[in-house]
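Novice: Provided herewith is a single structure, encoded as structure tokens, for subsequent inquiry.
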Amino acid sequence: MVDHVLTWMTFSPLIGAAIIVFLPGRFKESFKYIAVATAAVPLLLAVQVFLNFDTHLVPDIAALKSAAPSLDPRAYGLQFVDHIVWIKAFNIEYFVGIDGVSVPMVLLTALVSFIAVLASFLVKKPVEPLHNSQAGIKVKERGYYALILLLETGMMGVFVALDFFLFYVFWELMLLPMYFLIGIWGGPRKEYAAIKFFLYTLAGSLLMLLAIVYMYIYGTAGHGEFLLADGTTADHTFNMMYFAYNTNFEWVSFITGKMLWVLFFIGFAIKIPMFPFHTWLPDAHVEAPTAVSVILAGVLLKMGTYGILRINYPIFPSETLWAAGAMAAFGTINIVYGAFCAMAQKDFKSLVAYSSISHMGFVLLGMSSFTQEGMNGAVLQMFNHGTITSMMFLLVGVIYDRAHHRDLEGFGGLAKVMPIYTGFVGLAFLAALGLPGLSGFISEALVFLGAFQTHRVATIISMSGVILAAGYVLWMIHRVFLGPLKKEEYAQFADLNWREWATLVPLAIIVIVLGFYPMPVLNLMSASLGALKDLVLAAAM
Amino acid sequence: MLGNGASLAYVIPEGILGVTVALVMALGSFKPTRTRGVLAAAGIAGMAAALAATAAGVSWPDGTVLAFHGNIVSDGMVAVFRLVFLLTGLLTIVFAYGSDEVDTRDFGDMTAMIAASVMGMCFMAAAADLLMMYLAMEFVGILSYVLAGLKREDQRSSEAALKYVIFGAASSGVALFGMSLLYGIAGDTSLAAVRAVLVGHGFEPLGLMALVMILAGLGYKMAAVPFHMWCPDVYQGAPTPITAFFSVAPKAAGFALTLRLMDLLLGGIDGDAGASLGHGLAVLIGLVSMATMTVGNLSALKQTSVKRLLAYSSIAHAGYLLMGVATIPAIMGPSPDYTGFRAVFFYLVIYLFMNLGAFLVVTRVVTRLGSDDVSAFRSLGRRSPLAAVVMAIFLFSLVGLPPTAGFAGKFYLFYAILSQGSAFFYILALVGVANSFISLFYYARIVRVMFLDKSPDTRPVPVGALAAVVLVILAIPTILFGIWFGPLVDLAGWVFI
């Protein structure tokens, strides 16, 4: 058992990154092994978190509203908490902890980051120019592995931070490594894709910063004193839990509340990415190396929906209800629009990128339903999409490594050449379209079940997304794997190598197991999401 | 109010600087070609001694002391600003020592002038009398003109010096006229007397006009729009180490003097006349702030010379800093709140580290490659990894991204202006945020060139051991104050307790 487990999970990759940066150049063959060993630490600790997580702990909302702020984390439904004062002058605290909403994301981050590091291993030396090799990383390994570990610290931090300031620091921390990872190791239009990603996210987060500072100054006025971790009291606080539970914030006016809600929401919506803020995503994915795409789709997109659940829902419940219809509508647009765009793609990777947009729409739709099924479905979809899309991007990387192009029209007949590969593709893409027995089905079904009770029309329209998904997935399989080979030399393609096996198998097991028995993950989140739903719905009365 | 003799205890750091100036000038008259190291050592030792004395609490009274018959104030604010000026001066001499842009023949003069102008800046922060204010400003100004023209054979440098003189003369003339108007109203040059008269008679248009004229003169020092035109030419033309000095020290001194002036005239003032003047000035400064950051950032977008780009960036930063100055209404009334003024100081300290750091990298690149064009920075990530990585840290800090100190600075400024709680300040904050966003374009362009672009020339660019050490020393606070800025907040607390 490790104490301060979340702190270790967050900062152990940073330690690994520092080791890699400061090791002399003659150890350069060992950088990737150090990276993979470092990424294994959060994964092992994630197992500990998973095994020791108390799935029944929820905050007692009614009691908290009337109680004075307390330092007991369990009263807020939090576990594995580390809480100390960080910068006293502004009442900024280092406050990390997890509840049912964040725990699936923490597990996902540990898993996907480990797989992404592993997926960066170069199995054999590339013959083609280096930038063409999208999976294995050979150039500037030191920087690459250091940045990917720094990125993991940022992502993990976002999911465990419970102090606004800390949250914002982690949120921005992950921008820089991502910029360089796309910009240096990316494809032909990498500079454009990297800066576009950077600018979009920065625009959103600056709005969020204004909202955070505004809340710090005014949100706490007249609500008495807040207890800091060192036992002293303060007039202002960044503690998200106090905002969510201890005070009845009738925001200065409802208008102010709406404005703050929108500022946060835009910041998060860019990350999801929600239509019409989605255009950075296909560019970033197409140019990013495989492992970075895996992290981008597997973890980064979830930060958007996670942020909405962590900040917008509990802190602005009545504003959330006010905006529920709009969220459902945008979710529906994402689902249908993303699916149509995916159908039109000629590039394998942009097809997967647009399918991500479509699938993140399910999350938005599910969480705007305020039903237990819908909310469970939404967070489960976040987890499942993380595993399924990671597989899909890894699989695209496999074929790109061999053919050095991703043109869907350029293959054909690969099923005969690479049967195992074809099997994995079938598994991943059918899971994505929601085939019963695979994990994607459970979460989409739950989303529909929940959302139908609240948003009938939106749900009915969204259902077409599943059909469209079947369309683009099956058509893709048809074009790439069936029929005659387009080029003679494709007959020489080797099937999966050890690295590809090692990255795909764990994900495939999760996809299949959760397809039959999703309870291990559902149990983690169910109680917390129920409490969150009640908290929001209580604002209607 | 102390007499001349007793006052000396409150200007000990300035005294040390005076001795340093004399010493360096004397040393500089021997065999000028061989004494570069000795001169640099003498200058650095003098600065370091003054810095150590200030940090140890010398001439740092607990409360406020009026010295030299009320001509200067000595308080916490003077002391903390001394630290800023001295540190900048010290680092400038270190930069200049390793740069080939400053001729060894001129090195003694340069060192003496840097030390002297730091002394002048300390007096700017301390001035409590119109005459003292003007003398300190002009003292610093005249030294700056000479410093800008240090490269005598270089046309750009001469042009820079000439532009600086002409703009400087015009603006200090305007400021002097404003001061003479105040003198006419009050019949006394002491700011306390001016304040008393203004409170008694209300602020008739003449008083407002006088203040606006003085602010115009100060706006020139800070390079605020529309008095910024000299700035890019001077920054580009002057030797790079001197540009680094200009971009931080005179700007900080201009802000120190502005804060001092606003405090002495309006701090804690009561009554409608004062309040309306304060609000008027706040709106005026707020508008200048918006214009300054927008013009600075938009002009920086298309620059190809990194020195010029950083000149526009420093204009933009003057705009951010002016946001803090615009919180004048908060310092009026029975319970004055100096958060905005503290934020200005806080930001200046951070700006010192990140901006000097960026300029040091430019200094090294100019010395090694002979060009400050953006294209000279191509592939710096491979050719000189340390310089490129710290440059990236400085540039991202200038954007204001966490976990760098620049973020802490912006955070404090936004906190200060959002606390003002009026619509005008919300708009100001939005403009500030939009500008931070725009600034990413051009800072990221340099980062892109350093790490993403390929250069035909892949030979390493050695930065030199001394510069490497200084770069790391500057990079550490640039990161540290981003994740642990509590001590700096405490230091800012000394600006108007």
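Residue numbering restarts at 1 for every chain of the structure tokens, chains are lettered A, B, ... in their displayed order, and ligands are numbered from 1 as they appear.
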Using only C-alpha atoms, select each residue of chain B with any atom at most 6 Å away from an atom of chain A, and give the selection as a ChimeraX atom specification.
Specialist: /B:402,452,486
Novice: Using only C-alpha atoms, which of the listed residues (B:Met290, B:Ala249, B:Val225, B:Met450) sits closest to B:Val433?
Specialist: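 The shortest atom-to-atom distance to B:Val433 comes from B:Met290.
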Novice: Would you list the contacts of B:Val94 as an mmCIF file with all heavy atoms, in the first residue's frame, taking every protein, DNA or RNA residue within 8 Å and counting only C-alpha atoms, but skipping same-chain residues closer than 4 positions in sequence?
Specialist:
```cif
data_model
loop_
_atom_site.group_PDB
_atom_site.id
_atom_site.type_symbol
_atom_site.label_atom_id
_atom_site.label_comp_id
_atom_site.auth_asym_id
_atom_site.auth_seq_id
_atom_site.Cartn_x
_atom_site.Cartn_y
_atom_site.Cartn_z
ATOM 1 N N ALA B 40 34.115 45.232 -15.402
ATOM 2 C CA ALA B 40 32.887 44.487 -15.169
ATOM 3 C C ALA B 40 32.821 44.044 -13.723
ATOM 4 O O ALA B 40 31.778 44.181 -13.064
ATOM 5 C CB ALA B 40 32.818 43.272 -16.100
ATOM 6 N N ILE B 44 29.938 45.092 -11.190
ATOM 7 C CA ILE B 44 29.101 44.048 -10.598
ATOM 8 C C ILE B 44 29.236 44.071 -9.079
ATOM 9 O O ILE B 44 28.243 43.952 -8.350
ATOM 10 C CB ILE B 44 29.491 42.676 -11.179
ATOM 11 C CG1 ILE B 44 29.062 42.598 -12.643
ATOM 12 C CG2 ILE B 44 28.848 41.546 -10.392
ATOM 13 C CD1 ILE B 44 29.636 41.430 -13.403
ATOM 14 N N LEU B 90 22.780 44.929 -12.617
ATOM 15 C CA LEU B 90 23.823 43.925 -12.414
ATOM 16 C C LEU B 90 23.843 42.935 -13.582
ATOM 17 O O LEU B 90 24.890 42.647 -14.167
ATOM 18 C CB LEU B 90 23.543 43.214 -11.093
ATOM 19 C CG LEU B 90 24.643 42.358 -10.475
ATOM 20 C CD1 LEU B 90 24.425 42.270 -8.979
ATOM 21 C CD2 LEU B 90 24.657 40.981 -11.055
ATOM 22 N N GLY B 98 29.893 39.687 -21.906
ATOM 23 C CA GLY B 98 30.088 38.603 -22.869
ATOM 24 C C GLY B 98 29.636 38.947 -24.275
ATOM 25 O O GLY B 98 29.665 38.094 -25.148
#
```
Novice: Residues at most 9 Å from B:Ala330, counting only C-alpha atoms, excluding those fewer than 6 positions away in the same chain, as a count of residues only?
Specialist: 8
Novice: Step one, run DSSP on the backbone; step two, keep only residues of stretch 234-432 of chain A assigned to helix (DSSP H, G or I); then write them as an MDAnalysis selection string.
Specialist: chainID A and resid 240:246 254:271 280:287 290:315 317:344 348:367 372:403 408:410 414:417 419:432
Novice: Would you list the contacts of stretch 298-309 of chain B as a list in words, taking every protein, DNA or RNA residue within 7 Å and counting only C-alpha atoms, but skipping same-chain residues closer than 4 positions in sequence?
Specialist: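 These residues fall inside the cut-off: Pro232, Tyr235, Gln236, Thr294, Ser313, Asp372, Asp373, Val374, Phe441 and Tyr442 of chain B.
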Novice: For the selection just defined, write its residues with N, CA and C atoms to a file, as a PDB file, in the first residue's frame.
Specialist:
```pdb
ATOM      1  N   PRO B 232      10.466  50.761 -30.683  1.00  0.00           N
ATOM      2  CA  PRO B 232      11.033  49.706 -31.539  1.00  0.00           C
ATOM      3  C   PRO B 232      12.369  50.111 -32.161  1.00  0.00           C
ATOM      4  N   TYR B 235      15.093  50.093 -29.445  1.00  0.00           N
ATOM      5  CA  TYR B 235      15.408  48.727 -29.006  1.00  0.00           C
ATOM      6  C   TYR B 235      16.198  47.986 -30.071  1.00  0.00           C
ATOM      7  N   GLN B 236      15.826  48.235 -31.334  1.00  0.00           N
ATOM      8  CA  GLN B 236      16.515  47.520 -32.398  1.00  0.00           C
ATOM      9  C   GLN B 236      17.916  48.068 -32.624  1.00  0.00           C
ATOM     10  N   THR B 294      -2.973  46.377 -27.136  1.00  0.00           N
ATOM     11  CA  THR B 294      -3.453  45.948 -28.442  1.00  0.00           C
ATOM     12  C   THR B 294      -2.476  46.343 -29.541  1.00  0.00           C
ATOM     13  N   SER B 313       6.655  43.527 -27.877  1.00  0.00           N
ATOM     14  CA  SER B 313       6.147  42.745 -26.755  1.00  0.00           C
ATOM     15  C   SER B 313       6.286  43.535 -25.456  1.00  0.00           C
ATOM     16  N   ASP B 372      19.815  39.087 -35.613  1.00  0.00           N
ATOM     17  CA  ASP B 372      18.708  38.852 -34.682  1.00  0.00           C
ATOM     18  C   ASP B 372      17.435  38.557 -35.456  1.00  0.00           C
ATOM     19  N   ASP B 373      17.595  38.153 -36.710  1.00  0.00           N
ATOM     20  CA  ASP B 373      16.434  37.808 -37.504  1.00  0.00           C
ATOM     21  C   ASP B 373      15.831  36.496 -36.982  1.00  0.00           C
ATOM     22  N   VAL B 374      14.519  36.380 -37.142  1.00  0.00           N
ATOM     23  CA  VAL B 374      13.872  35.155 -36.667  1.00  0.00           C
ATOM     24  C   VAL B 374      14.541  33.930 -37.281  1.00  0.00           C
ATOM     25  N   PHE B 441       0.535  33.993 -30.641  1.00  0.00           N
ATOM     26  CA  PHE B 441       0.909  33.820 -32.049  1.00  0.00           C
ATOM     27  C   PHE B 441       2.387  34.107 -32.265  1.00  0.00           C
ATOM     28  N   TYR B 442       2.835  35.281 -31.786  1.00  0.00           N
ATOM     29  CA  TYR B 442       4.207  35.641 -32.149  1.00  0.00           C
ATOM     30  C   TYR B 442       5.243  35.016 -31.243  1.00  0.00           C
TER      31      TYR B 442
END
```
Novice: Have a look at atom CA of B:Gly296 and atom CA of B:Lys251 and let me know their distance in Å, one decimal.
Specialist: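 Those two atoms sit 14.8 Å apart.
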Novice: Pick the closest to A:His385 from A:Met343, A:Ile510, A:Phe316, A:Ala326: which is it, counting only C-alpha atoms?
Specialist: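 The closest residue to A:His385 is A:Ile510.
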Novice: List as an mmCIF file with C-alpha atoms, in the first residue's frame the protein and nucleic acid residues near B:Thr92, meaning an atom at most 6 Å away when only C-alpha atoms are counted, but skip any in the same chain fewer than 3 places from it.
Specialist:
```
data_model
loop_
_atom_site.group_PDB
_atom_site.id
_atom_site.type_symbol
_atom_site.label_atom_id
_atom_site.label_comp_id
_atom_site.auth_asym_id
_atom_site.auth_seq_id
_atom_site.Cartn_x
_atom_site.Cartn_y
_atom_site.Cartn_z
ATOM 1 C CA GLY B 89 21.675 46.736 -13.761
ATOM 2 C CA PHE B 95 25.343 40.372 -20.416
ATOM 3 C CA PRO B 241 22.477 44.139 -23.631
ATOM 4 C CA PHE B 245 18.304 47.066 -19.775
#
```
Novice: Please provide the set of residues having any atom within 10 Å of B:Gly237, restricted to only C-alpha atoms, with same-chain residues fewer than 6 positions apart removed, written as a list in words.
Specialist: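 Returned residues: Ala148, Gly149, Leu150, Lys151, Asp154, Gln155, Arg156, Ser157, Ser158, Glu159, Ala160, Ala161, Cys231, Thr243, Lys307 and Arg308 of chain B.
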Novice: From the options B:Leu480, B:Leu360, B:Ile473, B:Leu413, which residue's atoms come nearest to B:Ile93, counting only C-alpha atoms?
Specialist: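 Ranked by minimum distance to B:Ile93, first place goes to B:Leu360.
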Novice: Between B:Gly70, B:Gly274, B:Pro250, B:Gly108, which residue has the minimum interatomic distance to B:Asp188, considering only C-alpha atoms?
Specialist: B:Gly70
Novice: Give me, please, the distance in Å between atom CA of A:Thr232 and atom CA of A:Pro317, quoted to one decimal.
Specialist: 29.1 Å
Novice: May I ask for the distance between atom CA of A:Gly77 and atom CA of A:Val511, given in Å to one decimal place?
Specialist: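 If I compute the distance from atom CA of A:Gly77 to atom CA of A:Val511, I get 28.7 Å.
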